[in-house]
Amino acid sequence: MRSKAPTFPTPVLLTSSEEVARICEKLQHEPFVTIDTEFVREKTYWPELCLVQLAGTEDVVLIDTLAPGIDLAPLGDLLAKPDCIKVFHAARQDLEIFLHIFDRLPVSVFDTQVAAMVAGFGDQVGYDSLVGAITGRSIDKAHRFSDWSARPLSSAQIAYAAADVTHLRTVYEALRRQLAEQGRLHWADSEQAILTEEKTFRPDPRRLWEKLKARTSNRRMLAILREVAAWREQEAQNADIPRQRVIRDESLLEIAAVHPDTVEALSRIRGVTRGFAEGKMGRGLLEAICIAQECPESELPKAPSKSERVRPSAALVALLRVLLAAKCEEHKVAPRLVASSEDLDLIALGETDVGALRGWRRELFGLDAQALVRGEIALAVVNGLVELQRVAETAA
């Protein structure tokens with residue numbers, strides 16, 4: 001599939017509230033608008049939004065979000081307009097930024113990265129690759145790592161940023177057309193539903209301990225890890241600094257194992273300075289440890305059950321993986337979109353409450369996967385391709 005990219009007007013940099021209000025009012029009446037952001041995050045918890053790029057049928061604008069006194073409220077109104085589709089590529093970070101600024105998620109979102117996986121362009125295809133595949137154009141990557149907080153922006157930076165939304169219009173229209181022809185628009189809608197849920201971008205702080213992968217089944221230790229990880233998250237948000245600058249992961253894991261209860265004991269933890277232990281953060285951390293120590297047995301977190309679960313046959317899982325690859329090759333859809341490694345393990349164990357056994361995934365892969373586990377079908381190589389063959393029933 002190759003679409004001709006249209007010619008767009010010269011991008012305009014907006015630095016006043018009046019200009020933002022005018023363009024956002026105009027774009028609200030478009031059937032869709034393409035959006036991208038440029039931000040910096042190395043030294044902060046919350047991304048510092050530096051630029052918002054917008055493209056409609058007639059306009060390509062860059063909103064300088066760092067311009068003094070600029071009012072972004074009209075942008076929030078545009079993002080909340082249900083009749084105008086907001087098109088992003090790899091939308092999650094952009095959506096997180098807008099949720100933080102406007103305290104609400106954009107509505108009617110279309111993510112071309114997700115759509116490309118559904119349409120058969122591979123796993124998490126990059127914007128440059130997608131533009132090249134659909135338009136034949138190449139993207140200049142020279143300013144990918146620019147400091148977007150520095151002013152003034154160069155003409156080359158402005159051109160680079162504008163390209164992220166101009167080509168995206170062509171990509172969106174081509175993908176939408178292809179998905180309609182494939183009968184997969186509802187697949188893409190299903191995959192993008194997660195982008196409409198605030199919990200996707202605002203995880204429960206008391207569940208963050210699970211990402212630290214503590215190698216223990218000691219529930220009291222896990223309770224301490226739960227409390228100190230939640231404490232760190234709140235401190236990082238309040239101070240607007242990265243989590244690791246509050247205290248590092250390895251220090252939290254050691255704290256959970258050692259459970260210090262005094263300033264002196266806390267200061268002996270690797271990565272914890274005496275000044276930290278004696279200060280406000282040290283006191284807060286000790287309070288979190290105390291809360292965990294007093295937690296009733298009934299409220300202690302359960303150790304992850306994955307390691308305790310009966311393991312499926314590695315050979316059977318390998319067969320399911322071959323089946324998955326074959327079905328995805330046949331239907332030209334990214335395998336990671338259809339089934340995860342955990343899905344394959346669960347199917348091999350005969351479980352039925354599995355994502356790959358619901359909706360369109362069930363039709364594409366799940367039913368055949370269950371049949372393979374039951375021994376009703378076999379895999380064979382025919383003319384260099386993997387095919388499914390029905391297993392004849394053995395006469396009694």
# chains A, B, ... in the order shown; residues from 1 in each chain; ligands from 1

$ residues_around --residues "stretch 176-180 of chain A" --least-positions-apart "6" --cutoff "8 Å" --atoms "only C-alpha atoms" --output "list in words"
Ala115, Val118 and Ala119 of chain A

$ select_by_dssp --residues "stretch 22-225 of chain A" --states "helix (DSSP H, G or I)" --output "PyMOL selection string"
chain A and resi 22-27+73-79+92-102+112-119+127-135+155-182+185-196+198-200+205-212+219-225

$ select_by_dssp --residues "stretch 54-296 of chain A" --states "strand (DSSP E)" --output "PyMOL selection string"
chain A and resi 54-55+60-64+85-88+109-111

$ atom_distance --atom1 "atom CA of A:Val131" --atom2 "atom CA of A:Thr170"
8.4 Å

$ closest_residue --among "A:Pro11, A:His29, A:Leu195, A:Ala325" --to "A:Ala90" --atoms "only C-alpha atoms"
A:Leu195

$ closest_atom_pairs --of "stretch 132-247 of chain A" --to "stretch 288-298 of chain A" --cutoff "12 Å" --atoms "only C-alpha atoms" --output "JSON lines"
{"residue": "A:Arg206", "atom": "CA", "partner": "A:Ala292", "partner_atom": "CA", "distance": 11.8}
{"residue": "A:Asn218", "atom": "CA", "partner": "A:Glu297", "partner_atom": "CA", "distance": 11.6}
{"residue": "A:Arg219", "atom": "CA", "partner": "A:Glu297", "partner_atom": "CA", "distance": 8.6}
{"residue": "A:Arg220", "atom": "CA", "partner": "A:Gln293", "partner_atom": "CA", "distance": 7.1}
{"residue": "A:Met221", "atom": "CA", "partner": "A:Ala292", "partner_atom": "CA", "distance": 8.5}
{"residue": "A:Leu222", "atom": "CA", "partner": "A:Ala292", "partner_atom": "CA", "distance": 8.9}
{"residue": "A:Ala223", "atom": "CA", "partner": "A:Ala292", "partner_atom": "CA", "distance": 5.4}
{"residue": "A:Ile224", "atom": "CA", "partner": "A:Ala292", "partner_atom": "CA", "distance": 4.9}
{"residue": "A:Leu225", "atom": "CA", "partner": "A:Ala292", "partner_atom": "CA", "distance": 8.4}
{"residue": "A:Arg226", "atom": "CA", "partner": "A:Ala292", "partner_atom": "CA", "distance": 8.0}
{"residue": "A:Glu227", "atom": "CA", "partner": "A:Ala288", "partner_atom": "CA", "distance": 5.5}
{"residue": "A:Val228", "atom": "CA", "partner": "A:Ala288", "partner_atom": "CA", "distance": 5.7}
{"residue": "A:Ala229", "atom": "CA", "partner": "A:Ala288", "partner_atom": "CA", "distance": 9.2}
{"residue": "A:Ala230", "atom": "CA", "partner": "A:Ala288", "partner_atom": "CA", "distance": 8.7}
{"residue": "A:Trp231", "atom": "CA", "partner": "A:Ala288", "partner_atom": "CA", "distance": 6.7}
{"residue": "A:Arg232", "atom": "CA", "partner": "A:Ala288", "partner_atom": "CA", "distance": 9.7}
{"residue": "A:Gln234", "atom": "CA", "partner": "A:Ala288", "partner_atom": "CA", "distance": 11.7}
{"residue": "A:Glu235", "atom": "CA", "partner": "A:Ala288", "partner_atom": "CA", "distance": 11.9}

$ write_last_selection --atoms "C-alpha atoms" --output "CSV table (one decimal), in the first residue's frame"
chain,number,residue,atom,x,y,z
A,206,ARG,CA,-0.3,0.6,46.1
A,218,ASN,CA,7.3,-13.3,52.8
A,219,ARG,CA,4.0,-11.4,52.9
A,220,ARG,CA,5.2,-9.0,55.6
A,221,MET,CA,8.2,-8.1,53.5
A,222,LEU,CA,5.9,-7.5,50.5
A,223,ALA,CA,3.7,-5.3,52.7
A,224,ILE,CA,6.7,-3.1,53.5
A,225,LEU,CA,7.6,-3.0,49.9
A,226,ARG,CA,4.0,-2.0,49.0
A,227,GLU,CA,4.0,0.9,51.5
A,228,VAL,CA,7.4,2.3,50.7
A,229,ALA,CA,6.8,2.1,47.0
A,230,ALA,CA,3.5,3.9,47.4
A,231,TRP,CA,5.2,6.5,49.6
A,232,ARG,CA,8.0,7.1,47.0
A,234,GLN,CA,3.6,10.2,46.2
A,235,GLU,CA,6.8,12.0,47.1

$ atom_distance --atom1 "atom CA of A:Val87" --atom2 "atom CA of A:Ser154"
25.7 Å

$ atom_distance --atom1 "atom CA of A:Thr34" --atom2 "atom CA of A:Leu78"
11.7 Å

$ closest_residue --among "A:Ala326, A:Ile63, A:Leu285, A:Leu385" --to "A:Ser16" --atoms "only C-alpha atoms"
A:Ile63

$ residues_around --residues "A:Leu27" --least-positions-apart "2" --cutoff "9 Å" --atoms "only C-alpha atoms" --output "number ranges by chain"
A: 22-25, 29-33, 54-57, 59, 78, 84

$ residues_around --residues "stretch 261-276 of chain A" --least-positions-apart "5" --cutoff "12 Å" --atoms "only C-alpha atoms" --output "ChimeraX atom specification"
/A:224,244-256,281-293

$ residues_around --residues "A:Trp187" --least-positions-apart "3" --cutoff "8 Å" --atoms "only C-alpha atoms" --output "list of chain:residue names"
A:Val118, A:Arg184, A:Ser190, A:Glu191, A:Trp360

$ write_last_selection --atoms "N, CA and C atoms" --output "PDB file, in the first residue's frame"
ATOM      1  N   VAL A 118      -2.724  -3.983  13.929  1.00  0.00           N
ATOM      2  CA  VAL A 118      -3.930  -4.698  13.513  1.00  0.00           C
ATOM      3  C   VAL A 118      -3.925  -4.935  12.006  1.00  0.00           C
ATOM      4  N   ARG A 184     -11.572  -4.899   9.826  1.00  0.00           N
ATOM      5  CA  ARG A 184     -10.902  -4.922  11.128  1.00  0.00           C
ATOM      6  C   ARG A 184     -11.015  -3.616  11.899  1.00  0.00           C
ATOM      7  N   SER A 190     -11.327  -1.992  19.532  1.00  0.00           N
ATOM      8  CA  SER A 190     -11.206  -2.800  20.741  1.00  0.00           C
ATOM      9  C   SER A 190      -9.847  -2.617  21.395  1.00  0.00           C
ATOM     10  N   GLU A 191      -8.793  -2.572  20.576  1.00  0.00           N
ATOM     11  CA  GLU A 191      -7.441  -2.428  21.110  1.00  0.00           C
ATOM     12  C   GLU A 191      -7.204  -1.043  21.698  1.00  0.00           C
ATOM     13  N   TRP A 360     -12.377 -11.074  18.818  1.00  0.00           N
ATOM     14  CA  TRP A 360     -11.807 -11.420  17.519  1.00  0.00           C
ATOM     15  C   TRP A 360     -10.606 -12.348  17.628  1.00  0.00           C
TER      16      TRP A 360
END
